[in-house]
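**Student:** This one is entry_21.cif, mmCIF, C-alpha atoms.
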data_query
loop_
_atom_site.label_atom_id
_atom_site.label_comp_id
_atom_site.auth_asym_id
_atom_site.auth_seq_id
_atom_site.Cartn_x
_atom_site.Cartn_y
_atom_site.Cartn_z
CA MET A 193 34.34 137.39 128.64
CA LYS A 194 36.45 140.49 128.03
CA PRO A 195 40.10 140.61 126.98
CA LYS A 196 42.64 141.84 129.50
CA ILE A 197 44.89 144.24 127.64
CA LEU A 198 48.37 144.70 129.14
CA GLY A 199 49.90 146.90 126.46
CA LEU A 200 49.23 149.76 124.05
CA HIS A 201 50.46 150.08 120.48
CA HIS A 202 48.77 153.31 119.42
CA ASP A 203 49.23 155.87 122.18
CA HIS A 204 50.09 159.54 121.63
CA ILE A 205 52.03 160.98 124.56
CA ASP A 206 50.77 164.54 124.00
CA GLY A 207 47.21 163.23 123.64
CA SER A 208 47.31 161.02 126.73
CA LYS A 209 45.80 161.50 130.17
CA ALA A 210 49.37 161.98 131.40
CA VAL A 211 49.08 165.60 130.22
CA LEU A 212 46.47 166.30 132.91
CA GLY A 213 48.87 165.38 135.71
CA VAL A 214 51.44 168.00 134.70
CA LEU A 215 49.35 170.57 132.81
CA GLY A 216 49.85 173.32 135.38
CA ASP A 217 53.59 172.67 135.51
CA LEU A 218 53.87 172.77 131.73
CA TYR A 219 52.16 176.16 131.51
CA ARG A 220 54.25 177.46 134.40
CA LEU A 221 57.48 176.34 132.74
CA ALA A 222 56.39 178.06 129.53
CA TYR A 223 55.44 181.28 131.40
CA LYS A 224 51.96 181.09 129.92
CA GLU A 225 48.43 181.30 131.25
CA PHE A 226 46.08 178.41 130.53
CA PRO A 227 43.75 179.82 127.82
CA PHE A 228 40.52 178.08 128.88
CA ALA A 229 38.15 178.75 131.75
CA SER A 230 38.08 175.08 132.75
CA LEU A 231 39.46 171.69 131.83
CA ASP A 232 36.06 170.70 130.48
CA ASP A 233 36.07 173.70 128.12
CA TRP A 234 39.53 172.70 126.94
CA LEU A 235 38.63 169.05 126.36
CA ARG A 236 35.52 170.10 124.44
CA TYR A 237 37.82 172.12 122.18
CA PHE A 238 39.32 168.82 121.03
CA GLN A 239 36.07 167.58 119.55
CA ASN A 240 36.17 167.16 115.76
CA VAL A 241 39.92 166.87 116.11
CA HIS A 242 40.33 166.09 112.42
CA GLU A 243 39.50 169.72 111.74
CA ASP A 244 42.63 171.80 112.37
CA ILE A 245 44.25 168.96 114.31
CA VAL A 246 47.62 170.68 114.61
CA ALA A 247 46.05 173.90 115.94
CA ARG A 248 44.05 172.01 118.55
CA PHE A 249 47.08 170.11 119.77
CA ASP A 250 48.98 173.39 119.93
CA THR A 251 47.33 173.94 123.32
CA VAL A 252 49.65 171.15 124.48
CA THR A 253 52.64 171.36 122.16
CA SER A 254 53.05 175.13 122.64
CA VAL A 255 54.07 174.50 126.26
CA LEU A 256 56.36 171.62 125.35
CA GLN A 257 59.20 173.74 124.03
CA SER A 258 61.89 173.08 126.64
CA GLN A 259 63.87 170.01 127.60
CA GLU A 260 62.51 170.19 131.14
CA ALA A 261 58.89 170.20 129.99
CA LEU A 262 59.42 167.38 127.49
CA GLU A 263 61.20 165.18 130.00
CA LEU A 264 58.53 165.91 132.63
CA LEU A 265 55.66 164.81 130.37
CA ALA A 266 57.51 161.74 129.11
CA TYR A 267 58.25 160.65 132.68
CA ASN A 268 54.67 161.24 133.81
CA TYR A 269 53.41 159.29 130.81
CA GLY A 270 55.46 156.24 131.79
CA ARG A 271 54.41 156.54 135.43
CA LEU A 272 50.72 156.77 134.58
CA ARG A 273 50.70 153.85 132.17
CA SER A 274 52.51 151.72 134.75
CA GLU A 275 49.99 152.66 137.43
CA GLU A 276 47.21 151.65 135.05
CA GLY A 277 48.70 148.16 134.87
CA TYR A 278 50.35 148.21 131.46
CA VAL A 279 53.63 146.36 131.07
CA TYR A 280 54.38 147.42 127.48
CA VAL A 281 53.53 150.65 125.63
CA GLU A 282 54.59 152.34 122.42
CA GLY A 283 54.52 156.08 123.11
CA LYS A 284 54.20 158.35 120.07
CA PHE A 285 55.59 161.89 119.75
CA ALA A 286 56.35 164.22 116.84
CA PRO A 287 59.49 166.32 117.45
CA GLN A 288 58.73 168.91 114.76
CA TYR A 289 56.08 170.44 117.05
CA HIS A 290 58.61 171.13 119.81
CA ILE A 291 61.31 173.13 118.00
CA ARG A 292 59.75 176.58 117.79
CA GLY A 293 61.53 177.65 120.98
CA GLY A 294 64.96 176.91 119.57
CA LEU A 295 65.41 173.23 120.37
CA THR A 296 66.65 170.95 117.62
CA ILE A 297 64.93 167.73 116.60
CA ARG A 298 67.81 165.78 118.11
CA VAL A 299 67.54 167.61 121.46
CA VAL A 300 63.76 167.14 121.57
CA VAL A 301 64.11 163.42 120.98
CA GLY A 302 66.83 163.18 123.60
CA ALA A 303 64.70 164.88 126.26
CA ILE A 304 61.69 162.64 125.66
CA TYR A 305 63.91 159.58 125.52
CA LYS A 306 65.45 160.53 128.86
CA GLY A 307 62.06 160.95 130.53
CA LEU A 308 60.73 157.66 129.17
CA ARG A 309 63.84 155.73 130.19
CA ARG A 310 63.72 157.23 133.68
CA ALA A 311 60.11 156.07 134.02
CA GLU A 312 61.09 152.63 132.76
CA GLY A 313 63.77 152.32 135.38
CA GLU A 314 61.56 153.45 138.25
CA PHE A 315 58.30 151.73 137.37
CA GLY A 316 59.30 148.56 135.54
CA ILE A 317 57.24 149.25 132.42
CA ARG A 318 58.67 148.67 128.94
CA ILE A 319 58.29 151.83 126.81
CA VAL A 320 59.15 151.92 123.12
CA PRO A 321 59.50 155.51 121.82
CA VAL A 322 57.75 156.07 118.49
CA ILE A 323 59.18 159.10 116.70
CA CYS A 324 56.60 160.55 114.33
CA ILE A 325 56.62 162.75 111.26
CA GLY A 326 53.71 165.20 111.20
CA ARG A 327 52.55 164.81 107.62
CA GLU A 328 52.24 168.52 106.86
CA ALA A 329 56.01 168.89 107.30
CA ASP A 330 58.26 169.40 104.32
CA PRO A 331 59.72 166.07 103.15
CA LEU A 332 63.18 167.33 104.15
CA VAL A 333 61.98 167.69 107.75
CA GLY A 334 60.58 164.20 107.56
CA MET A 335 63.95 162.93 106.41
CA ALA A 336 65.68 164.72 109.29
CA ILE A 337 63.34 163.00 111.76
CA ALA A 338 64.00 159.63 110.15
CA ARG A 339 67.77 160.18 110.42
CA VAL A 340 67.45 160.81 114.16
CA ALA A 341 65.40 157.62 114.51
CA CYS A 342 68.23 155.74 112.81
CA GLU A 343 70.69 157.04 115.41
CA TYR A 344 68.95 155.02 118.13
CA SER A 345 69.88 151.63 116.61
CA GLY A 346 66.39 150.18 116.57
CA GLU A 347 65.27 151.55 119.94
CA MET A 348 62.78 153.86 118.21
CA VAL A 349 59.99 153.17 115.76
CA LEU A 350 59.21 155.60 112.90
CA ASP A 351 55.60 156.67 112.31
CA LEU A 352 53.61 159.09 110.16
CA VAL A 353 50.78 161.05 111.82
CA CYS A 354 48.17 163.81 111.53
CA ASP A 355 46.55 165.15 108.36
CA GLU A 356 46.25 162.09 106.14
CA ALA A 357 43.54 163.74 104.06
CA ASN A 358 45.84 166.38 102.61
CA HIS A 359 49.17 164.59 102.97
CA PRO A 360 49.02 160.96 101.82
CA PRO A 361 51.80 158.59 102.91
CA GLU A 362 53.81 158.74 99.69
CA LYS A 363 54.73 162.35 100.53
CA HIS A 364 57.27 161.03 103.05
CA LEU A 365 58.45 157.99 101.13
CA LYS A 366 62.05 159.22 101.08
CA ALA A 367 62.09 159.47 104.86
CA TYR A 368 60.94 155.88 105.17
CA GLN A 369 63.46 154.76 102.58
CA LEU A 370 66.25 156.05 104.84
CA THR A 371 65.30 153.33 107.33
CA PHE A 372 65.35 150.46 104.83
CA GLY A 373 68.13 148.07 105.75
CA THR A 374 68.42 149.51 109.29
CA LYS A 375 67.13 148.27 112.64
CA VAL A 376 64.37 150.90 112.65
CA ARG A 377 60.90 149.41 112.46
CA ARG A 378 58.18 151.32 110.65
CA ASP A 379 54.59 152.14 111.59
CA CYS A 380 52.11 154.42 109.78
CA HIS A 381 48.69 155.95 110.37
CA ALA A 382 47.01 154.78 107.18
CA GLY A 383 43.43 154.34 106.07
CA GLU A 384 42.15 156.57 108.86
CA TRP A 385 40.79 159.61 107.07
CA VAL A 386 40.74 161.16 103.62
CA SER A 387 38.64 163.90 102.06
CA PRO A 388 34.94 162.91 102.16
CA GLU A 389 34.51 163.94 98.54
CA PRO A 390 34.10 162.43 96.06
CA ARG A 391 32.02 160.01 98.08
CA GLU A 392 32.12 157.26 95.47
CA THR A 393 35.90 156.86 95.87
CA TYR A 394 36.12 157.44 99.62
CA LYS A 395 36.85 153.88 100.68
CA GLU A 396 39.03 153.27 97.67
CA ARG A 397 41.27 156.18 98.71
CA LEU A 398 41.47 154.93 102.29
CA THR A 399 42.50 151.53 101.01
CA GLN A 400 45.08 153.02 98.66
CA ASN A 401 46.81 154.67 101.63
CA ILE A 402 46.94 151.29 103.37
CA ARG A 403 48.49 149.77 100.26
CA THR A 404 51.07 152.54 100.08
CA ALA A 405 52.02 152.03 103.73
CA LEU A 406 52.38 148.29 103.25
CA PHE A 407 54.08 148.07 99.87
CA ASP A 408 55.97 151.34 99.41
CA LEU A 409 56.78 152.38 102.97
CA ARG A 410 57.31 148.70 103.91
CA CYS A 411 55.63 149.13 107.26
CA ASP A 412 55.84 146.58 110.05
CA GLY A 413 52.64 148.00 111.50
CA ILE A 414 49.74 150.20 110.46
CA GLY A 415 47.41 152.25 112.60
CA HIS A 416 43.63 152.45 112.11
CA ALA A 417 43.34 150.76 108.66
CA ILE A 418 39.57 151.26 108.66
CA THR A 419 38.90 149.48 105.35
CA LEU A 420 41.32 146.59 105.81
CA GLY A 421 38.56 144.08 106.59
CA GLU A 422 36.89 144.81 103.26
CA ASN A 423 39.98 143.75 101.31
CA PRO A 424 40.75 140.03 101.61
CA ASP A 425 43.94 140.38 99.57
CA LEU A 426 45.36 142.87 102.05
CA VAL A 427 44.20 140.77 104.97
CA SER A 428 46.10 137.81 103.54
CA TYR A 429 49.17 139.98 103.04
CA VAL A 430 49.29 141.31 106.60
CA VAL A 431 48.73 137.81 108.00
CA ASP A 432 51.41 136.25 105.80
CA HIS A 433 53.93 138.99 106.66
CA GLY A 434 53.12 139.30 110.38
CA ILE A 435 52.18 142.98 110.09
CA ARG A 436 50.62 144.43 113.22
CA VAL A 437 47.37 146.42 112.92
CA ALA A 438 46.79 148.85 115.80
CA GLY A 439 43.09 149.56 115.75
CA CYS A 440 41.42 152.53 117.45
CA PRO A 441 37.71 151.69 117.14
CA LEU A 442 36.22 154.32 119.44
CA SER A 443 38.52 157.00 118.08
CA ASN A 444 37.15 156.22 114.61
CA LEU A 445 33.57 156.15 115.88
CA ARG A 446 33.75 159.34 117.96
CA SER A 447 35.44 161.16 115.09
CA ASN A 448 32.59 160.18 112.74
CA LEU A 449 34.95 158.30 110.46
CA ILE A 450 32.75 155.22 110.79
CA HIS A 451 29.05 154.93 111.61
CA SER A 452 29.25 151.58 113.38
CA LEU A 453 31.95 149.45 115.02
CA GLY A 454 30.88 146.69 112.67
CA GLU A 455 32.48 148.51 109.74
CA LEU A 456 35.90 147.59 111.13
CA ARG A 457 35.16 143.84 111.06
CA VAL A 458 37.39 143.25 114.07
CA ASP A 459 36.01 139.75 114.64
CA TYR A 460 36.76 138.76 111.06
CA LEU A 461 40.29 140.15 111.27
CA LEU A 462 40.98 138.24 114.47
CA ASP A 463 39.55 135.03 113.07
CA ARG A 464 41.73 135.39 109.98
CA GLY A 465 44.82 135.66 112.18
CA VAL A 466 45.56 139.38 111.80
CA ILE A 467 47.73 140.69 114.65
CA TYR A 468 45.05 143.21 115.55
CA THR A 469 45.14 145.18 118.80
CA LEU A 470 42.74 147.53 120.57
CA ASN A 471 43.89 151.04 121.48
CA ALA A 472 42.39 154.31 122.73
CA ASP A 473 44.51 156.61 120.50
CA ASP A 474 44.27 159.83 122.58
CA ASP A 475 42.65 159.16 125.94
CA LEU A 476 43.14 162.78 127.01
CA PHE A 477 39.90 163.57 125.17
CA LEU A 478 38.75 160.27 123.64
CA PRO A 479 37.31 157.25 125.50
CA ASP A 480 39.85 155.42 127.63
CA MET A 481 40.85 151.78 127.23
CA ASN A 482 38.30 150.47 129.70
CA THR A 483 35.56 152.03 127.59
CA VAL A 484 37.15 150.80 124.36
CA ILE A 485 37.18 147.22 125.66
CA ASP A 486 33.65 147.44 127.09
CA GLU A 487 32.06 148.91 123.96
CA CYS A 488 33.92 146.67 121.52
CA ASP A 489 33.07 143.57 123.52
CA ALA A 490 29.43 144.66 123.82
CA TYR A 491 29.24 145.03 120.05
CA TYR A 492 31.23 141.98 118.95
CA ASN A 493 30.64 139.68 121.93
CA PHE A 494 34.19 138.40 121.57
CA THR A 495 34.66 134.65 121.74
CA GLU A 496 37.18 133.05 124.05
CA ASN A 497 39.59 132.65 121.14
CA GLN A 498 39.16 136.26 120.06
CA CYS A 499 39.79 137.49 123.60
CA ALA A 500 42.92 135.36 123.78
CA ALA A 501 44.11 136.77 120.46
CA LEU A 502 43.56 140.38 121.59
CA GLN A 503 45.60 139.69 124.70
CA GLU A 504 48.41 137.80 122.96
CA ASN A 505 48.61 140.23 120.04
CA VAL A 506 49.93 142.93 122.39
CA PHE A 507 53.15 140.94 122.62
CA ARG A 508 53.07 139.24 119.21
CA GLY A 509 52.69 142.61 117.53
CA ALA A 510 55.13 144.61 119.62
CA LEU A 511 57.45 146.64 117.40
CA GLY A 512 60.05 146.90 120.15
CA ARG A 513 61.72 144.55 122.56
CA VAL A 514 59.13 143.42 125.10
CA VAL A 515 61.41 142.41 127.98
#
Is it possible to give me this structure as C-alpha cells?
**Tutor:**
Amino acid sequence: MKPKILGLHHDHIDGSKAVLGVLGDLYRLAYKEFPFASLDDWLRYFQNVHEDIVARFDTVTSVLQSQEALELLAYNYGRLRSEEGYVYVEGKFAPQYHIRGGLTIRVVVGAIYKGLRRAEGEFGIRIVPVICIGREADPLVGMAIARVACEYSGEMVLDLVCDEANHPPEKHLKAYQLTFGTKVRRDCHAGEWVSPEPRETYKERLTQNIRTALFDLRCDGIGHAITLGENPDLVSYVVDHGIRVAGCPLSNLRSNLIHSLGELRVDYLLDRGVIYTLNADDDLFLPDMNTVIDECDAYYNFTENQCAALQENVFRGALGRVV
C-alpha cells in the first residue's frame, strides 16, 4: 500500500518542473540566450547543488527579474501542480534573488503573489506563498523580507533557505523575531547540511540547527531535519507542539547528505505521531513525487497506519488555510 499525497509542503517554485514549461519565455523576456546546448546539459549542471547553490540557481533567477516573468512562472507553477492532482501546496520563493534588475522586494513579492492567486482562481488549487530569506543575505535584508511577509496578514509563511553550512539559522534571528506576535507562521530549512568537518561533530551541528529553529526562531515547521529521529527529546517536543516536519528523503539521498533512507527514521517519526510529510524539494532536477513515494515505500514498506498518517499530515501540517 502506498500513500496518496494530495499536497506539498516543501516545494521551491524556481526549482520546480514548472520552470520547464516557460523556460523559453523567461529567456526571451530577459533578452538572453539559453547558455546550455540542451536541457539535459542544464539539468546535469544542477548536480551537487549544495556546491555553489546560488550560482547554479542563477540560471533560473537571472531571467526572473521582471514582474511579467515572475507572474508567468508563479501562474505556471499553480497550473502544473493542479494538473498533477494536488489540492494544497506551499510554494517557496526568495525575493532577494529577483531585485538585481531594479525591482524592490515588495514588487517582487507582489508579482509572484498575483500569479499564484490567478492560478488559484482558475484551477481551484490552494497555494500558500512561502517567502524565503536566502541565508547569505545581510541580516538587514532578511529583516526587510520579514517585514514584507508581515504585510500580508498571515497569508504568507516565512522561511530560511540555501547555504545552511556557512549561515546557521541564528544569523537571521532578528528577522524571525519581527514576526513574533503576528499572524505570520514560520518555517525553516534546518538540519539539512553543515560543513562535513570535523566529522565527529557533524550530526551534533545538524541537530543544533534544528534546536535553534525550534526554540529560538519559534518555528511552526522545519524542513529536512535529518537527525530529528535520533533525538527523542526533540521528537517529543515537535509532537507536543504540533510542529510540522517537511521531509525531503530523496533530495537528501541524491545530494549525498545521507547514505540510506533508513537514517531518517521516517517510520519511527510517524509512529511517534510527528506530523511528517514527504516532499520532492526541487523536482526540476531531483526525483519527482511519484519516485519519492515509490522509493520511500519500497524501503520502509509503510503500514496502513503510516500511509494514512502521510496522507492526513498534508492537511494537519498545513501552515496556511487549506480551504
**Student:** Quick one: distance from CA of Ala329 (chain A) to CA of Tyr289 (chain A) in Å, one decimal?
**Tutor:**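 Atom-to-atom, CA of Ala329 (chain A) to CA of Tyr289 (chain A), that is 9.9 Å.
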**Student:** Enter the distance from CA of Thr374 (chain A) to CA of Ser345 (chain A), in Å, rounded to one decimal.
**Tutor:**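 Separation of CA of Thr374 (chain A) and CA of Ser345 (chain A): 7.8 Å.
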**Student:** To verify the selection step, state as a PyMOL selection string which residues the PyMOL selection byres ((chain A and resi 223-240) around 9) yields on this input.
**Tutor:** chain A and resi 212+215-216+218-222+241-245+248-249+251+255+446-448+476-478
**Student:** Enumerate, as a ChimeraX atom specification, the residues matched when the PyMOL selection byres ((chain A and resi 495) around 10) is run on the file above.
**Tutor:** /A:193-195,459,463,489,492-494,496-501
**Student:** List every protein, DNA or RNA residue that has an atom no more than 12 Å from (39.9, 143.0, 105.0) in the file's coordinate frame, counting all atoms listed in the file, and report them as an mmCIF file with C-alpha atoms, keeping the file's coordinate frame.
**Tutor:**
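After the write, point_13.cif holds the following:
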data_model
loop_
_atom_site.group_PDB
_atom_site.id
_atom_site.type_symbol
_atom_site.label_atom_id
_atom_site.label_comp_id
_atom_site.auth_asym_id
_atom_site.auth_seq_id
_atom_site.Cartn_x
_atom_site.Cartn_y
_atom_site.Cartn_z
ATOM 1 C CA GLY A 383 43.430 154.340 106.070
ATOM 2 C CA THR A 399 42.500 151.530 101.010
ATOM 3 C CA ILE A 402 46.940 151.290 103.370
ATOM 4 C CA ARG A 403 48.490 149.770 100.260
ATOM 5 C CA ALA A 417 43.340 150.760 108.660
ATOM 6 C CA ILE A 418 39.570 151.260 108.660
ATOM 7 C CA THR A 419 38.900 149.480 105.350
ATOM 8 C CA LEU A 420 41.320 146.590 105.810
ATOM 9 C CA GLY A 421 38.560 144.080 106.590
ATOM 10 C CA GLU A 422 36.890 144.810 103.260
ATOM 11 C CA ASN A 423 39.980 143.750 101.310
ATOM 12 C CA PRO A 424 40.750 140.030 101.610
ATOM 13 C CA ASP A 425 43.940 140.380 99.570
ATOM 14 C CA LEU A 426 45.360 142.870 102.050
ATOM 15 C CA VAL A 427 44.200 140.770 104.970
ATOM 16 C CA SER A 428 46.100 137.810 103.540
ATOM 17 C CA TYR A 429 49.170 139.980 103.040
ATOM 18 C CA VAL A 430 49.290 141.310 106.600
ATOM 19 C CA VAL A 431 48.730 137.810 108.000
ATOM 20 C CA VAL A 437 47.370 146.420 112.920
ATOM 21 C CA GLU A 455 32.480 148.510 109.740
ATOM 22 C CA LEU A 456 35.900 147.590 111.130
ATOM 23 C CA ARG A 457 35.160 143.840 111.060
ATOM 24 C CA VAL A 458 37.390 143.250 114.070
ATOM 25 C CA ASP A 459 36.010 139.750 114.640
ATOM 26 C CA TYR A 460 36.760 138.760 111.060
ATOM 27 C CA LEU A 461 40.290 140.150 111.270
ATOM 28 C CA LEU A 462 40.980 138.240 114.470
ATOM 29 C CA ASP A 463 39.550 135.030 113.070
ATOM 30 C CA ARG A 464 41.730 135.390 109.980
ATOM 31 C CA GLY A 465 44.820 135.660 112.180
ATOM 32 C CA VAL A 466 45.560 139.380 111.800
ATOM 33 C CA TYR A 468 45.050 143.210 115.550
#
**Student:** Could you check the closest approach to Gly434 (chain A) for each of A:Leu256, A:Leu470, A:Ala510, A:Val349 and tell me which residue wins, using only C-alpha atoms?
**Tutor:**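 Smallest distance to Gly434 (chain A) is found for A:Ala510.
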**Student:** I need the residue nearest Val279 (chain A) from this list: A:Gly293, A:Gly316, A:Gly439, A:Gly334. Use all atoms listed in the file for the distance.
**Tutor:**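 Ranking A:Gly293, A:Gly316, A:Gly439, A:Gly334 by distance to Val279 (chain A), first place goes to A:Gly316.
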**Student:** Given the PyMOL selection byres ((chain A and resi 353) around 10) and the file above, list the residues it selects as a list in words.
**Tutor:**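 Applied to this file, the PyMOL selection byres ((chain A and resi 353) around 10) selects His204, Lys284, Phe285, Ala286, Ile323, Cys324, Ile325, Gly326, Arg327, Glu328, Asp351, Leu352, Cys354, Asp355, Glu356, His359, Pro361, Asp379, Cys380, His381, Ala382 and Gly415 of chain A.
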**Student:** So which residues touch Ser208 (chain A) within 10 Å, counting only C-alpha atoms, skipping near sequence neighbours fewer than 6 positions away, as a list of chain:residue names?
**Tutor:**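 Contacts, with the query itself left out: A:Leu265, A:Tyr269, A:Leu272, A:Arg273, A:Gly283, A:Lys284, A:Ala472, A:Asp473, A:Asp474, A:Asp475, A:Leu476, A:Phe477, A:Leu478, A:Asp480.
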**Student:** Interatomic distance between CA of Ala266 (chain A) and CA of Leu511 (chain A)?
**Tutor:**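 Spanning CA of Ala266 (chain A) to CA of Leu511 (chain A) is a straight-line distance of 19.1 Å.
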**Student:** May I have the centre and edge lengths, in Å to one decimal, of an axis-aligned box around the listed atoms of region 439-455 of chain A with 4 Å added to every side, as AutoDock Vina command-line options?
**Tutor:**
--center_x 36.1 --center_y 153.9 --center_z 114.6 --size_x 22.0 --size_y 22.5 --size_z 17.7
**Student:** Kindly add N, CA and C atoms to the incomplete region 326-337 of chain A and provide the output as a JSON list (two decimals), keeping the file's coordinate frame.
**Tutor:**
[["chain", "number", "residue", "atom", "x", "y", "z"],
["A", 326, "GLY", "N", 55.00, 164.56, 111.47],
["A", 326, "GLY", "CA", 53.71, 165.20, 111.20],
["A", 326, "GLY", "C", 53.61, 165.44, 109.71],
["A", 327, "ARG", "N", 52.60, 164.91, 109.08],
["A", 327, "ARG", "CA", 52.55, 164.81, 107.62],
["A", 327, "ARG", "C", 52.66, 166.15, 106.89],
["A", 328, "GLU", "N", 52.22, 167.23, 107.56],
["A", 328, "GLU", "CA", 52.24, 168.52, 106.86],
["A", 328, "GLU", "C", 53.66, 169.07, 106.71],
["A", 329, "ALA", "N", 54.63, 168.44, 107.38],
["A", 329, "ALA", "CA", 56.01, 168.89, 107.30],
["A", 329, "ALA", "C", 56.57, 168.72, 105.89],
["A", 330, "ASP", "N", 57.52, 169.57, 105.57],
["A", 330, "ASP", "CA", 58.26, 169.40, 104.32],
["A", 330, "ASP", "C", 58.96, 168.04, 104.33],
["A", 331, "PRO", "N", 59.04, 167.37, 103.19],
["A", 331, "PRO", "CA", 59.72, 166.07, 103.15],
["A", 331, "PRO", "C", 61.14, 166.10, 103.70],
["A", 332, "LEU", "N", 61.83, 167.24, 103.60],
["A", 332, "LEU", "CA", 63.18, 167.33, 104.15],
["A", 332, "LEU", "C", 63.16, 167.24, 105.68],
["A", 333, "VAL", "N", 62.13, 167.81, 106.29],
["A", 333, "VAL", "CA", 61.98, 167.69, 107.75],
["A", 333, "VAL", "C", 61.69, 166.24, 108.11],
["A", 334, "GLY", "N", 60.85, 165.61, 107.32],
["A", 334, "GLY", "CA", 60.58, 164.20, 107.56],
["A", 334, "GLY", "C", 61.84, 163.36, 107.48],
["A", 335, "MET", "N", 62.70, 163.67, 106.55],
["A", 335, "MET", "CA", 63.95, 162.93, 106.41],
["A", 335, "MET", "C", 64.87, 163.19, 107.61],
["A", 336, "ALA", "N", 64.86, 164.41, 108.11],
["A", 336, "ALA", "CA", 65.68, 164.72, 109.29],
["A", 336, "ALA", "C", 65.20, 163.93, 110.50],
["A", 337, "ILE", "N", 63.89, 163.78, 110.65],
["A", 337, "ILE", "CA", 63.34, 163.00, 111.76],
["A", 337, "ILE", "C", 63.72, 161.53, 111.60]]
